[in-house]
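Engineer: my_file_17.cif is reproduced below (mmCIF, C-alpha atoms).
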data_upload
loop_
_atom_site.group_PDB
_atom_site.id
_atom_site.type_symbol
_atom_site.label_atom_id
_atom_site.label_comp_id
_atom_site.auth_asym_id
_atom_site.auth_seq_id
_atom_site.Cartn_x
_atom_site.Cartn_y
_atom_site.Cartn_z
ATOM 1 C CA MET G 249 -39.487 -13.874 -18.903
ATOM 2 C CA GLN G 250 -35.809 -14.813 -18.535
ATOM 3 C CA HIS G 251 -36.261 -17.473 -21.201
ATOM 4 C CA ASP G 252 -37.862 -14.911 -23.533
ATOM 5 C CA LEU G 253 -35.021 -12.429 -22.994
ATOM 6 C CA VAL G 254 -32.591 -14.954 -24.478
ATOM 7 C CA ASN G 255 -34.744 -17.081 -26.786
ATOM 8 C CA ASP G 256 -37.626 -14.899 -27.978
ATOM 9 C CA GLU G 257 -37.809 -13.744 -31.577
ATOM 10 C CA TYR G 258 -36.382 -10.304 -30.688
ATOM 11 C CA GLN G 259 -34.046 -11.395 -27.844
ATOM 12 C CA GLN G 260 -34.309 -8.315 -25.633
ATOM 13 C CA GLY G 261 -31.690 -9.594 -23.143
ATOM 14 C CA GLU G 262 -28.934 -7.618 -24.875
ATOM 15 C CA THR G 263 -31.080 -4.479 -24.809
ATOM 16 C CA LEU G 264 -31.777 -4.935 -21.103
ATOM 17 C CA ALA G 265 -28.061 -5.482 -20.420
ATOM 18 C CA LEU G 266 -27.347 -2.005 -21.839
ATOM 19 C CA LEU G 267 -29.386 -0.359 -19.064
ATOM 20 C CA PRO G 268 -26.985 0.294 -16.167
ATOM 21 C CA LYS G 269 -29.348 2.474 -14.098
ATOM 22 C CA GLU G 270 -32.091 1.007 -11.970
ATOM 23 C CA SER G 271 -34.641 3.637 -13.034
ATOM 24 C CA ARG G 272 -34.135 2.720 -16.699
ATOM 25 C CA VAL G 273 -34.551 -0.988 -15.944
ATOM 26 C CA GLN G 274 -37.748 -0.138 -14.023
ATOM 27 C CA ARG G 275 -39.177 1.753 -16.992
ATOM 28 C CA TRP G 276 -38.176 -0.988 -19.441
ATOM 29 C CA LEU G 277 -39.656 -3.771 -17.317
ATOM 30 C CA ALA G 278 -42.853 -1.822 -16.576
ATOM 31 C CA ASP G 279 -43.271 -1.200 -20.304
ATOM 32 C CA ARG G 280 -42.719 -4.878 -21.197
ATOM 33 C CA MET G 281 -45.152 -6.022 -18.499
ATOM 34 C CA THR G 282 -47.726 -3.487 -19.674
ATOM 35 C CA LEU G 283 -47.430 -4.810 -23.237
ATOM 36 C CA LYS G 284 -48.131 -8.357 -21.992
ATOM 37 C CA GLN G 285 -50.762 -7.591 -19.349
ATOM 38 C CA GLY G 286 -53.931 -8.288 -21.291
ATOM 39 C CA ARG G 287 -56.914 -8.518 -18.947
ATOM 40 C CA SER G 288 -55.008 -10.272 -16.165
ATOM 41 C CA TYR G 289 -53.272 -7.424 -14.331
ATOM 42 C CA SER G 290 -52.348 -3.759 -14.415
ATOM 43 C CA VAL G 291 -48.901 -2.246 -13.849
ATOM 44 C CA ASP G 292 -48.055 0.638 -11.493
ATOM 45 C CA ARG G 293 -44.568 2.102 -11.071
ATOM 46 C CA GLU G 294 -43.226 3.772 -7.904
ATOM 47 C CA VAL G 295 -46.624 3.872 -6.194
ATOM 48 C CA HIS G 296 -46.468 5.100 -2.588
ATOM 49 C CA VAL G 297 -47.723 2.590 -0.053
ATOM 50 C CA ALA G 298 -47.854 2.645 3.758
ATOM 51 C CA ASP G 299 -45.043 4.549 5.498
ATOM 52 C CA GLU G 300 -44.252 6.310 2.196
ATOM 53 C CA LYS G 301 -42.366 3.225 0.999
ATOM 54 C CA GLU G 302 -42.697 2.398 -2.647
ATOM 55 C CA PRO G 303 -41.969 -0.812 -4.523
ATOM 56 C CA ASP G 304 -40.348 -0.212 -7.913
ATOM 57 C CA ILE G 305 -43.244 -1.839 -9.759
ATOM 58 C CA ARG G 306 -46.526 -3.180 -8.476
ATOM 59 C CA LEU G 307 -48.800 -5.563 -10.354
ATOM 60 C CA ARG G 308 -52.491 -5.505 -9.532
ATOM 61 C CA CYS G 309 -54.633 -8.509 -10.411
ATOM 62 C CA LYS G 310 -57.729 -7.140 -12.134
ATOM 63 C CA PRO G 311 -60.256 -9.781 -11.029
ATOM 64 C CA THR G 312 -59.263 -9.823 -7.343
ATOM 65 C CA ASP G 313 -57.437 -6.499 -6.825
ATOM 66 C CA ALA G 314 -54.558 -8.404 -5.150
ATOM 67 C CA THR G 315 -51.172 -6.742 -5.558
ATOM 68 C CA MET G 316 -47.612 -8.006 -6.022
ATOM 69 C CA PRO G 317 -44.624 -5.720 -5.430
ATOM 70 C CA ILE G 318 -41.522 -6.072 -7.600
ATOM 71 C CA GLU G 319 -38.204 -4.673 -6.403
ATOM 72 C CA ILE G 320 -35.542 -4.176 -9.085
ATOM 73 C CA LYS G 321 -31.785 -4.218 -8.540
ATOM 74 C CA VAL G 322 -28.903 -3.858 -11.008
ATOM 75 C CA ALA G 323 -26.614 -6.422 -9.406
ATOM 76 C CA GLU G 324 -23.241 -4.819 -9.985
ATOM 77 C CA SER G 325 -24.347 -1.699 -8.124
ATOM 78 C CA TRP G 326 -24.725 -3.628 -4.876
ATOM 79 C CA THR G 327 -22.716 -5.962 -2.673
ATOM 80 C CA LEU G 328 -24.021 -9.467 -2.090
ATOM 81 C CA GLU G 329 -25.012 -8.431 1.449
ATOM 82 C CA GLN G 330 -26.997 -5.466 0.112
ATOM 83 C CA LEU G 331 -28.823 -7.705 -2.364
ATOM 84 C CA GLU G 332 -29.703 -10.141 0.420
ATOM 85 C CA ASP G 333 -30.897 -7.186 2.470
ATOM 86 C CA ALA G 334 -33.157 -6.129 -0.410
ATOM 87 C CA LEU G 335 -34.775 -9.556 -0.362
ATOM 88 C CA VAL G 336 -35.161 -9.832 3.388
ATOM 89 C CA ARG G 337 -35.898 -6.278 4.534
ATOM 90 C CA GLN G 338 -37.551 -4.720 1.508
ATOM 91 C CA LEU G 339 -39.605 -7.538 0.076
ATOM 92 C CA CYS G 340 -40.265 -9.727 3.093
ATOM 93 C CA GLY G 341 -40.273 -7.010 5.745
ATOM 94 C CA ARG G 342 -41.648 -3.950 4.012
ATOM 95 C CA TYR G 343 -43.794 -4.914 1.016
ATOM 96 C CA ALA G 344 -45.001 -8.499 1.501
ATOM 97 C CA PRO G 345 -46.887 -7.796 4.768
ATOM 98 C CA LYS G 346 -48.787 -5.002 2.985
ATOM 99 C CA THR G 347 -49.965 -7.490 0.332
ATOM 100 C CA ASP G 348 -50.913 -10.277 2.755
ATOM 101 C CA GLY G 349 -47.490 -11.781 2.103
ATOM 102 C CA THR G 350 -48.854 -13.904 -0.724
ATOM 103 C CA ALA G 351 -46.406 -12.844 -3.438
ATOM 104 C CA SER G 352 -43.491 -10.544 -4.081
ATOM 105 C CA CYS G 353 -40.625 -10.533 -6.533
ATOM 106 C CA CYS G 354 -37.079 -9.249 -6.623
ATOM 107 C CA TRP G 355 -35.779 -8.767 -10.168
ATOM 108 C CA PHE G 356 -31.982 -8.840 -10.462
ATOM 109 C CA THR G 357 -30.304 -7.806 -13.678
ATOM 110 C CA ARG G 358 -26.710 -7.298 -14.708
ATOM 111 C CA SER G 359 -25.476 -4.700 -17.173
ATOM 112 C CA THR G 360 -22.172 -6.557 -17.652
ATOM 113 C CA ASP G 361 -21.163 -10.201 -17.554
ATOM 114 C CA LEU G 362 -19.000 -10.200 -14.433
ATOM 115 C CA GLY G 363 -19.770 -13.667 -13.138
ATOM 116 C CA VAL G 364 -20.690 -14.499 -9.562
ATOM 117 C CA GLY G 365 -18.010 -13.997 -6.936
ATOM 118 C CA ARG G 366 -15.746 -11.652 -8.855
ATOM 119 C CA GLY G 367 -14.732 -8.262 -7.586
ATOM 120 C CA LYS G 368 -13.796 -6.873 -4.197
ATOM 121 C CA ARG G 369 -15.847 -7.125 -1.025
ATOM 122 C CA GLY G 370 -18.308 -9.652 -2.396
ATOM 123 C CA ARG G 371 -19.535 -7.498 -5.256
ATOM 124 C CA LEU G 372 -21.074 -9.401 -8.133
#
Now that the file is in, can you turn its structure into structure tokens?
Structural biologist:
Amino acid sequence: MQHDLVNDEYQQGETLALLPKESRVQRWLADRMTLKQGRSYSVDREVHVADEKEPDIRLRCKPTDATMPIEIKVAESWTLEQLEDALVRQLCGRYAPKTDGTASCCWFTRSTDLGVGRGKRGRL
């Protein structure tokens, strides 16, 4: 998908970069994944799972009913430590065990081109 954002006929990377709020990125990504789903999977957004925790997007494989949570973060809104925490605690600790730990995804996007390591206190 990253390749398509930059190299596809309509190059939606610039459009995605204009979305500074996580909820807007969630809606955009859910829409794009729905457009490409075919018969392989279905897309759910903000579905409540055990303990009232909800992954931002959840893909459900149609043939097997297996699920894959996707957590979305707009990188500049978080410190590096908070982003690592999202990977470790949210995906690995909260969502992956509920899906047999077979697959999970953390989608990081940036609304500006800040470069890694710039900013105060480890912010991207």
Engineer: Identify all residues satisfying the PyMOL selection byres ((chain G and resi 325) around 9) in the given file; provide them as a list in words.
Structural biologist: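 Listing what the PyMOL selection byres ((chain G and resi 325) around 9) selects in the shown file: Pro268, Lys269, Lys321, Val322, Ala323, Glu324, Trp326, Thr327, Arg358, Arg371 and Leu372 of chain G.
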Engineer: Take atom CA of G:Ile318 and atom CA of G:Asp304 and report the distance between them in Å, one decimal.
Structural biologist: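 Distance between the two atoms: 6.0 Å.
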Engineer: Looking at G:Asp292, G:Asp252, G:Trp355, G:Arg337, which one is nearest to G:Thr315, with distances taken over only C-alpha atoms?
Structural biologist: G:Asp292
Engineer: Would you mind telling me which residue in G:Gln250, G:Thr263, G:Gln330, G:Ser352 lies nearest to G:Leu307 when using only C-alpha atoms?
Structural biologist: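 Under the stated criterion, the closest residue is G:Ser352.
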Engineer: Just how far from atom CA of G:Ile320 is atom CA of G:Cys353, in Å to one decimal?
Structural biologist: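 The value is 8.5 Å.
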Engineer: For the structure shown, which residues end up in the PyMOL selection byres ((chain G and resi 288) around 9)? Put them as a list in words, please?
Structural biologist: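 Here the PyMOL selection byres ((chain G and resi 288) around 9) matches Gln285, Gly286, Arg287, Tyr289, Ser290, Arg308, Cys309, Lys310 and Pro311 of chain G.
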Engineer: Pick the closest to G:Arg306 from G:Cys354, G:Val336, G:Ala265, G:Leu328: which is it, counting all atoms listed in the file?
Structural biologist: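 Counting all atoms listed in the file, the residue closest to G:Arg306 is G:Cys354.
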Engineer: Any idea what the distance is between atom CA of G:Asn255 and atom CA of G:Phe356?
Structural biologist: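 Pair atom CA of G:Asn255 / atom CA of G:Phe356 returns 18.5 Å.
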Engineer: Find the residue from G:Leu283, G:Ala351, G:Leu331, G:Val273 that sits nearest to G:Ala314; use all atoms listed in the file when measuring.
Structural biologist: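 Comparing G:Leu283, G:Ala351, G:Leu331, G:Val273 against G:Ala314, the winner is G:Ala351.
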Engineer: Of the candidates G:Glu329, G:Glu262, G:Cys340, G:Met249, which shows the shortest atom-to-atom distance to G:Leu277, using all atoms listed in the file?
Structural biologist: G:Met249
Engineer: Could you tell me which of G:Gln259, G:Arg293, G:Glu302, G:Leu253 comes closest to G:Arg272 if we count only C-alpha atoms?
Structural biologist: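 Comparing G:Gln259, G:Arg293, G:Glu302, G:Leu253 against G:Arg272, the winner is G:Arg293.
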Engineer: Any chance you could resolve the PyMOL selection byres ((chain G and resi 278) around 8) against this file and give the residues as a PDB file with C-alpha atoms, in the frame of the given file?
Structural biologist:
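Result saved to result-v4.pdb:
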ATOM      1  CA  GLN G 274     -37.748  -0.138 -14.023  1.00  0.00           C
ATOM      2  CA  ARG G 275     -39.177   1.753 -16.992  1.00  0.00           C
ATOM      3  CA  TRP G 276     -38.176  -0.988 -19.441  1.00  0.00           C
ATOM      4  CA  LEU G 277     -39.656  -3.771 -17.317  1.00  0.00           C
ATOM      5  CA  ASP G 279     -43.271  -1.200 -20.304  1.00  0.00           C
ATOM      6  CA  ARG G 280     -42.719  -4.878 -21.197  1.00  0.00           C
ATOM      7  CA  MET G 281     -45.152  -6.022 -18.499  1.00  0.00           C
ATOM      8  CA  THR G 282     -47.726  -3.487 -19.674  1.00  0.00           C
ATOM      9  CA  VAL G 291     -48.901  -2.246 -13.849  1.00  0.00           C
ATOM     10  CA  ASP G 292     -48.055   0.638 -11.493  1.00  0.00           C
ATOM     11  CA  ARG G 293     -44.568   2.102 -11.071  1.00  0.00           C
ATOM     12  CA  ILE G 305     -43.244  -1.839  -9.759  1.00  0.00           C
TER      13      ILE G 305
END
Engineer: Please write a file for stretch 279-291 of chain G, taken from the block I just shared, that holds all heavy atoms and is laid out as a PDB file, in the first residue's frame.
Structural biologist:
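The resulting file, result.pdb, is shown below:
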ATOM      1  N   ASP G 279     -11.939   3.141   4.157  1.00  0.00           N
ATOM      2  CA  ASP G 279     -12.569   3.292   2.848  1.00  0.00           C
ATOM      3  C   ASP G 279     -11.709   2.667   1.748  1.00  0.00           C
ATOM      4  O   ASP G 279     -12.212   1.918   0.906  1.00  0.00           O
ATOM      5  CB  ASP G 279     -12.807   4.775   2.554  1.00  0.00           C
ATOM      6  CG  ASP G 279     -13.449   4.990   1.195  1.00  0.00           C
ATOM      7  OD1 ASP G 279     -14.597   4.529   0.995  1.00  0.00           O
ATOM      8  OD2 ASP G 279     -12.786   5.605   0.320  1.00  0.00           O
ATOM      9  N   ARG G 280     -10.407   2.958   1.751  1.00  0.00           N
ATOM     10  CA  ARG G 280      -9.504   2.403   0.739  1.00  0.00           C
ATOM     11  C   ARG G 280      -9.463   0.876   0.815  1.00  0.00           C
ATOM     12  O   ARG G 280      -9.471   0.196  -0.205  1.00  0.00           O
ATOM     13  CB  ARG G 280      -8.080   2.952   0.912  1.00  0.00           C
ATOM     14  CG  ARG G 280      -7.944   4.423   0.682  1.00  0.00           C
ATOM     15  CD  ARG G 280      -8.263   4.836  -0.710  1.00  0.00           C
ATOM     16  NE  ARG G 280      -7.347   4.189  -1.634  1.00  0.00           N
ATOM     17  CZ  ARG G 280      -7.401   4.310  -2.947  1.00  0.00           C
ATOM     18  NH1 ARG G 280      -8.328   5.044  -3.494  1.00  0.00           N
ATOM     19  NH2 ARG G 280      -6.541   3.703  -3.712  1.00  0.00           N
ATOM     20  N   MET G 281      -9.420   0.340   2.036  1.00  0.00           N
ATOM     21  CA  MET G 281      -9.373  -1.114   2.194  1.00  0.00           C
ATOM     22  C   MET G 281     -10.691  -1.753   1.767  1.00  0.00           C
ATOM     23  O   MET G 281     -10.693  -2.847   1.211  1.00  0.00           O
ATOM     24  CB  MET G 281      -9.003  -1.475   3.626  1.00  0.00           C
ATOM     25  CG  MET G 281      -7.600  -1.020   3.966  1.00  0.00           C
ATOM     26  SD  MET G 281      -7.078  -1.546   5.575  1.00  0.00           S
ATOM     27  CE  MET G 281      -6.022  -2.898   5.086  1.00  0.00           C
ATOM     28  N   THR G 282     -11.791  -1.065   2.007  1.00  0.00           N
ATOM     29  CA  THR G 282     -13.094  -1.564   1.573  1.00  0.00           C
ATOM     30  C   THR G 282     -13.160  -1.605   0.050  1.00  0.00           C
ATOM     31  O   THR G 282     -13.668  -2.561  -0.536  1.00  0.00           O
ATOM     32  CB  THR G 282     -14.226  -0.700   2.142  1.00  0.00           C
ATOM     33  OG1 THR G 282     -14.178  -0.760   3.577  1.00  0.00           O
ATOM     34  CG2 THR G 282     -15.593  -1.180   1.668  1.00  0.00           C
ATOM     35  N   LEU G 283     -12.629  -0.586  -0.607  1.00  0.00           N
ATOM     36  CA  LEU G 283     -12.627  -0.547  -2.071  1.00  0.00           C
ATOM     37  C   LEU G 283     -11.821  -1.696  -2.674  1.00  0.00           C
ATOM     38  O   LEU G 283     -12.113  -2.156  -3.773  1.00  0.00           O
ATOM     39  CB  LEU G 283     -12.051   0.786  -2.563  1.00  0.00           C
ATOM     40  CG  LEU G 283     -12.908   2.021  -2.319  1.00  0.00           C
ATOM     41  CD1 LEU G 283     -12.135   3.278  -2.679  1.00  0.00           C
ATOM     42  CD2 LEU G 283     -14.213   1.941  -3.101  1.00  0.00           C
ATOM     43  N   LYS G 284     -10.802  -2.163  -1.957  1.00  0.00           N
ATOM     44  CA  LYS G 284      -9.912  -3.209  -2.480  1.00  0.00           C
ATOM     45  C   LYS G 284     -10.218  -4.602  -1.937  1.00  0.00           C
ATOM     46  O   LYS G 284      -9.544  -5.553  -2.284  1.00  0.00           O
ATOM     47  CB  LYS G 284      -8.464  -2.850  -2.150  1.00  0.00           C
ATOM     48  CG  LYS G 284      -8.026  -1.549  -2.786  1.00  0.00           C
ATOM     49  CD  LYS G 284      -6.579  -1.597  -3.133  1.00  0.00           C
ATOM     50  CE  LYS G 284      -6.174  -0.335  -3.845  1.00  0.00           C
ATOM     51  NZ  LYS G 284      -5.663  -0.592  -5.147  1.00  0.00           N
ATOM     52  N   GLN G 285     -11.225  -4.743  -1.094  1.00  0.00           N
ATOM     53  CA  GLN G 285     -11.434  -5.992  -0.376  1.00  0.00           C
ATOM     54  C   GLN G 285     -11.847  -7.169  -1.245  1.00  0.00           C
ATOM     55  O   GLN G 285     -11.474  -8.303  -0.953  1.00  0.00           O
ATOM     56  CB  GLN G 285     -12.444  -5.809   0.743  1.00  0.00           C
ATOM     57  CG  GLN G 285     -13.863  -5.642   0.299  1.00  0.00           C
ATOM     58  CD  GLN G 285     -14.790  -5.336   1.441  1.00  0.00           C
ATOM     59  OE1 GLN G 285     -14.373  -5.174   2.580  1.00  0.00           O
ATOM     60  NE2 GLN G 285     -16.064  -5.242   1.147  1.00  0.00           N
ATOM     61  N   GLY G 286     -12.611  -6.963  -2.254  1.00  0.00           N
ATOM     62  CA  GLY G 286     -13.062  -8.094  -3.065  1.00  0.00           C
ATOM     63  C   GLY G 286     -13.767  -9.138  -2.217  1.00  0.00           C
ATOM     64  O   GLY G 286     -14.548  -8.816  -1.333  1.00  0.00           O
ATOM     65  N   ARG G 287     -13.435 -10.399  -2.457  1.00  0.00           N
ATOM     66  CA  ARG G 287     -14.047 -11.499  -1.691  1.00  0.00           C
ATOM     67  C   ARG G 287     -13.140 -11.995  -0.581  1.00  0.00           C
ATOM     68  O   ARG G 287     -13.461 -12.950   0.101  1.00  0.00           O
ATOM     69  CB  ARG G 287     -14.368 -12.650  -2.627  1.00  0.00           C
ATOM     70  CG  ARG G 287     -15.409 -12.309  -3.640  1.00  0.00           C
ATOM     71  CD  ARG G 287     -15.698 -13.482  -4.525  1.00  0.00           C
ATOM     72  NE  ARG G 287     -16.721 -13.113  -5.502  1.00  0.00           N
ATOM     73  CZ  ARG G 287     -17.117 -13.897  -6.460  1.00  0.00           C
ATOM     74  NH1 ARG G 287     -16.585 -15.095  -6.598  1.00  0.00           N
ATOM     75  NH2 ARG G 287     -18.042 -13.507  -7.296  1.00  0.00           N
ATOM     76  N   SER G 288     -11.984 -11.357  -0.408  1.00  0.00           N
ATOM     77  CA  SER G 288     -10.983 -11.852   0.531  1.00  0.00           C
ATOM     78  C   SER G 288     -11.293 -11.532   1.986  1.00  0.00           C
ATOM     79  O   SER G 288     -11.108 -12.361   2.857  1.00  0.00           O
ATOM     80  CB  SER G 288      -9.611 -11.260   0.201  1.00  0.00           C
ATOM     81  OG  SER G 288      -9.247 -11.601  -1.096  1.00  0.00           O
ATOM     82  N   TYR G 289     -11.716 -10.309   2.265  1.00  0.00           N
ATOM     83  CA  TYR G 289     -11.903  -9.875   3.651  1.00  0.00           C
ATOM     84  C   TYR G 289     -12.986  -8.818   3.729  1.00  0.00           C
ATOM     85  O   TYR G 289     -13.421  -8.268   2.715  1.00  0.00           O
ATOM     86  CB  TYR G 289     -10.585  -9.326   4.221  1.00  0.00           C
ATOM     87  CG  TYR G 289     -10.046  -8.120   3.483  1.00  0.00           C
ATOM     88  CD1 TYR G 289     -10.424  -6.826   3.829  1.00  0.00           C
ATOM     89  CD2 TYR G 289      -9.146  -8.258   2.433  1.00  0.00           C
ATOM     90  CE1 TYR G 289      -9.944  -5.723   3.143  1.00  0.00           C
ATOM     91  CE2 TYR G 289      -8.652  -7.171   1.743  1.00  0.00           C
ATOM     92  CZ  TYR G 289      -9.057  -5.898   2.107  1.00  0.00           C
ATOM     93  OH  TYR G 289      -8.580  -4.807   1.431  1.00  0.00           O
ATOM     94  N   SER G 290     -13.428  -8.546   4.944  1.00  0.00           N
ATOM     95  CA  SER G 290     -14.340  -7.431   5.195  1.00  0.00           C
ATOM     96  C   SER G 290     -13.652  -6.482   6.166  1.00  0.00           C
ATOM     97  O   SER G 290     -12.697  -6.846   6.851  1.00  0.00           O
ATOM     98  CB  SER G 290     -15.671  -7.927   5.763  1.00  0.00           C
ATOM     99  OG  SER G 290     -15.465  -8.579   6.997  1.00  0.00           O
ATOM    100  N   VAL G 291     -14.132  -5.247   6.225  1.00  0.00           N
ATOM    101  CA  VAL G 291     -13.505  -4.200   7.025  1.00  0.00           C
ATOM    102  C   VAL G 291     -14.497  -3.714   8.077  1.00  0.00           C
ATOM    103  O   VAL G 291     -15.635  -3.376   7.761  1.00  0.00           O
ATOM    104  CB  VAL G 291     -13.083  -3.007   6.128  1.00  0.00           C
ATOM    105  CG1 VAL G 291     -12.454  -1.907   6.956  1.00  0.00           C
ATOM    106  CG2 VAL G 291     -12.144  -3.464   5.034  1.00  0.00           C
TER     107      VAL G 291
END
